[in-house]
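All remarks here apply to the structure that follows.
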Amino acid sequence: MNFDLTQYNKIFENKVRLQIMSVLMANDEYDFNSLKSILDVTDGNLASNLKTLEKENYIEVFKTFVDRKPNTRYRRTIEGEKAFEEHLKALEKLIKQQYK
Amino acid sequence: MHNSFLFIYFEKQSTFMKQEDLVKEIASIRNLMEKSSKFISISGISSVLIGTYALLGAAYAYYEIYGFDSQMGYRDHYVNEPVIIVKLLVTAMLVLFASIFTGVYMAIKKAKSNRQSIWNTTSRSLLYAMAVPLCTGGLFALISISKENYTAVASILLIFYGLALTAGSNYTFNEIKGLGILEIVLGLLALLFPGNGIIFWALGFGVLHIIYGIIVHKKYE
């Protein structure tokens, strides 16, 4: 079978990263703790995957303090938005090809 | 021959599996986008209770104004008597606080069983979206009362509450938008038929809450 994998994004092969990006697509902004509880993952796992997305320039990080506790919020970048949409298109194509 | 047949069989099997995984993946993305942007811990039962409080409050207010065994159209009192105003205000406040307490308490309980946190990005957005019309409406009503302008109070409360619901509906169940619009319609009708404020108030805050509570409960709980 020859799948067209040019659009399939390796970064989103990781489930947590794909989920983070899904949440940030549906919301303009999301904070670390809310992400952690909705994805039901550990601090370390979440932090390392957020770091990867940040390095790819798919998300932006905003750090503030609320009552002296760090409050870190994340937003998608235009680049991240494009990458996610293309990845979804690739998934869609894969499904269509398999139906043939 | 036999081998190649087996090979085709497994090939088919594996693509089938993959297909299912892909569909699942897309479904999980959709689900997460929905779950992360909507606050779904509002309890339908709390809405039924809140509607009941409103009906009890309205019944008490009706009794205060019209008396117990009133003839059609005969009033014992008018709303502009100071004692009546204080009694009605206290009743309204009691209903309001009991409603807020019930709504928040049952949302916390439901959030716990959903394993959703009660104070997150979505509940904050929901609260901020509703706060502006709610506070405006509340102040509008209080100022009207202080200026002894009572005719529009029921309309104001219904209309601004309806606006708050439609504003908040983006962050929770879609049905809330319909409820908001119906509240606004009742508010406008109350303005059109002055003197019947309490009936529209009981319909809007009582009956509609009970009906919508049952719908949400049946559909989501």
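For the structure tokens, the naming scheme is as follows: chains receive sequential letters (A, B, ...) according to their order of presentation, residues are indexed from 1 within each chain, and ligands are indexed from 1 in presentation order.
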For this session: For chain B, report every residue with an atom at most 7 Å from chain A (counting only C-alpha atoms), formatted as a VMD selection string.
Result: chain B and resid 19 22 29 32 to 33 36 to 37 116 120 to 121
Limited to N, CA, C and O atoms, could you put the picked residues into a file as a short mmCIF file (atom, residue, chain, number, x, y, z; two decimals), in the first residue's frame?
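Output file result.cif follows:
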data_model
loop_
_atom_site.label_atom_id
_atom_site.label_comp_id
_atom_site.auth_asym_id
_atom_site.auth_seq_id
_atom_site.Cartn_x
_atom_site.Cartn_y
_atom_site.Cartn_z
N GLN B 19 -7.57 1.23 10.20
CA GLN B 19 -8.72 2.08 9.86
C GLN B 19 -9.50 2.45 11.12
O GLN B 19 -9.82 3.61 11.36
N LEU B 22 -7.63 4.94 13.27
CA LEU B 22 -7.67 6.30 12.75
C LEU B 22 -8.99 6.98 13.08
O LEU B 22 -9.03 8.12 13.52
N ILE B 29 -10.08 13.26 19.22
CA ILE B 29 -9.74 14.68 19.04
C ILE B 29 -11.00 15.54 19.20
O ILE B 29 -11.02 16.51 19.93
N LEU B 32 -12.23 15.64 22.75
CA LEU B 32 -11.39 16.46 23.61
C LEU B 32 -11.61 17.95 23.36
O LEU B 32 -11.63 18.77 24.29
N MET B 33 -11.80 18.30 22.09
CA MET B 33 -12.05 19.71 21.76
C MET B 33 -13.35 20.17 22.42
O MET B 33 -13.44 21.27 22.94
N SER B 36 -12.92 20.15 26.36
CA SER B 36 -12.04 21.18 26.90
C SER B 36 -12.66 22.57 26.79
O SER B 36 -12.25 23.48 27.50
N SER B 37 -13.63 22.73 25.89
CA SER B 37 -14.15 24.09 25.71
C SER B 37 -15.55 24.25 26.27
O SER B 37 -16.13 25.32 26.20
N GLN B 116 -13.71 16.29 36.50
CA GLN B 116 -13.39 17.57 35.88
C GLN B 116 -13.19 18.54 37.04
O GLN B 116 -13.85 18.40 38.06
N ASN B 120 -11.86 25.85 36.28
CA ASN B 120 -10.88 25.71 35.18
C ASN B 120 -11.14 26.79 34.14
O ASN B 120 -11.99 27.66 34.31
N THR B 121 -10.38 26.71 33.06
CA THR B 121 -10.48 27.75 32.04
C THR B 121 -11.91 27.92 31.55
O THR B 121 -12.39 29.04 31.36
#
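Proximity to Ala83 of chain A at 8 Å, evaluated using only C-alpha atoms and with sequence-adjacent residues fewer than 4 positions away removed, yields Asn9, Tyr58, Glu79 and His87 of chain A.
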Exercise. Which parts of chain A does DSSP call strand (DSSP E) when run on the backbone here, written out as a list of chain:residue names?
Worked result: A:Tyr30, A:Asp31, A:Ile59, A:Glu60, A:Val61, A:Phe62, A:Lys63, A:Thr64, A:Phe65, A:Val66, A:Lys69, A:Pro70, A:Asn71, A:Thr72, A:Arg73, A:Tyr74, A:Arg75, A:Arg76
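Between atom CA of Asn57 of chain A and atom CA of Phe84 of chain A the interatomic distance comes to 12.3 Å.
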Which polymer residues have any atom within 9 Å of an atom of Asn49 of chain A, counting only C-alpha atoms, with same-chain residues fewer than 2 positions away left out, as a CSV table (one decimal) with N, CA, C and O atoms, in the first residue's frame?
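Heads up, here's the output in out-v8.csv:
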chain,number,residue,atom,x,y,z
A,14,ASN,N,2.8,11.3,18.7
A,14,ASN,CA,2.6,11.1,20.1
A,14,ASN,C,1.2,11.6,20.5
A,14,ASN,O,0.8,12.7,20.2
A,16,VAL,N,-0.2,12.4,23.4
A,16,VAL,CA,-0.3,13.5,24.3
A,16,VAL,C,-0.2,14.8,23.5
A,16,VAL,O,-0.9,15.8,23.7
A,17,ARG,N,0.8,14.9,22.6
A,17,ARG,CA,1.0,16.1,21.8
A,17,ARG,C,-0.2,16.4,21.0
A,17,ARG,O,-0.6,17.5,20.8
A,20,ILE,N,-2.9,17.7,23.3
A,20,ILE,CA,-2.6,19.1,23.7
A,20,ILE,C,-3.0,20.1,22.6
A,20,ILE,O,-3.7,21.1,22.8
A,44,GLY,N,5.4,15.5,34.5
A,44,GLY,CA,6.6,15.3,33.7
A,44,GLY,C,6.3,15.1,32.2
A,44,GLY,O,6.8,15.7,31.3
A,45,ASN,N,5.4,14.1,32.1
A,45,ASN,CA,4.9,13.8,30.7
A,45,ASN,C,4.4,15.0,30.0
A,45,ASN,O,4.8,15.3,28.8
A,46,LEU,N,3.5,15.7,30.6
A,46,LEU,CA,2.9,16.9,30.0
A,46,LEU,C,4.0,18.0,29.7
A,46,LEU,O,4.0,18.5,28.6
A,47,ALA,N,4.8,18.2,30.7
A,47,ALA,CA,5.9,19.3,30.5
A,47,ALA,C,6.8,19.0,29.4
A,47,ALA,O,7.1,19.8,28.5
A,51,LYS,N,7.1,21.1,25.9
A,51,LYS,CA,8.4,21.6,25.5
A,51,LYS,C,8.7,21.3,24.0
A,51,LYS,O,9.2,22.2,23.3
A,52,THR,N,8.4,20.1,23.6
A,52,THR,CA,8.6,19.7,22.2
A,52,THR,C,7.8,20.6,21.3
A,52,THR,O,8.3,21.1,20.3
A,53,LEU,N,6.5,20.8,21.7
A,53,LEU,CA,5.6,21.6,20.8
A,53,LEU,C,6.1,23.1,20.8
A,53,LEU,O,6.1,23.8,19.8
A,54,GLU,N,6.7,23.5,21.9
A,54,GLU,CA,7.2,24.9,22.0
A,54,GLU,C,8.4,25.0,21.1
A,54,GLU,O,8.6,26.0,20.4
Seminar exercise, completed: The residue from B:Ser41, B:Ser28, B:Asn174, B:Ser46 with the smallest atom-to-atom distance to Ile210 of chain B, counting only C-alpha atoms, is B:Ser46
Problem set entry | Backbone-only DSSP, helix (DSSP H, G or I) members of segment 1-93 of chain A, as an MDAnalysis selection string | chainID A and resid 10:13 15:26 32:39 43:55 78:93
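Distances from A:Lys10, A:Lys89, A:Asp43, A:Phe32 to Phe62 of chain A were compared using only C-alpha atoms, and the smallest one belongs to A:Phe32.
Between atom CA of Ala59 of chain B and atom CA of Ile85 of chain B there is a distance of 15.4 Å.
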Exercise. Between B:Tyr212, B:Phe97, B:Tyr128, B:Trp201, which is the closest to Ile184 of chain B once you count only C-alpha atoms?
Worked result: B:Trp201
Exercise. How many Å separate atom CA of Ala167 of chain B from atom CA of Leu186 of chain B?
Worked result: 17.4 Å
Exercise. Any idea what's packed within 12 Å of Ile215 of chain B, counting only C-alpha atoms, ignoring anything in its chain fewer than 3 positions away? Could you give it as a PyMOL selection string?
Worked result: chain B and resi 43-45+47-48+173-176+178-179+208-212+218-221
Keeping only C-alpha atoms, write the selected residues as an mmCIF file, in the first residue's frame.
data_model
loop_
_atom_site.group_PDB
_atom_site.id
_atom_site.type_symbol
_atom_site.label_atom_id
_atom_site.label_comp_id
_atom_site.auth_asym_id
_atom_site.auth_seq_id
_atom_site.Cartn_x
_atom_site.Cartn_y
_atom_site.Cartn_z
ATOM 1 C CA SER B 43 -26.566 19.546 36.965
ATOM 2 C CA GLY B 44 -30.032 19.168 35.461
ATOM 3 C CA ILE B 45 -31.482 18.270 38.843
ATOM 4 C CA SER B 47 -32.055 23.378 37.633
ATOM 5 C CA VAL B 48 -35.283 21.566 38.594
ATOM 6 C CA PHE B 173 -24.651 22.694 26.760
ATOM 7 C CA ASN B 174 -26.115 24.082 23.537
ATOM 8 C CA GLU B 175 -29.639 23.833 24.953
ATOM 9 C CA ILE B 176 -28.892 26.785 27.242
ATOM 10 C CA GLY B 178 -32.724 28.149 23.666
ATOM 11 C CA LEU B 179 -33.517 28.659 27.332
ATOM 12 C CA LEU B 208 -38.670 26.923 32.242
ATOM 13 C CA HIS B 209 -35.933 25.915 34.704
ATOM 14 C CA ILE B 210 -37.822 22.760 35.587
ATOM 15 C CA ILE B 211 -38.424 21.815 31.938
ATOM 16 C CA TYR B 212 -34.825 22.527 30.894
ATOM 17 C CA LYS B 218 -32.419 13.064 30.369
ATOM 18 C CA LYS B 219 -29.914 13.912 27.649
ATOM 19 C CA TYR B 220 -26.617 14.122 29.521
ATOM 20 C CA GLU B 221 -26.900 12.387 32.893
#
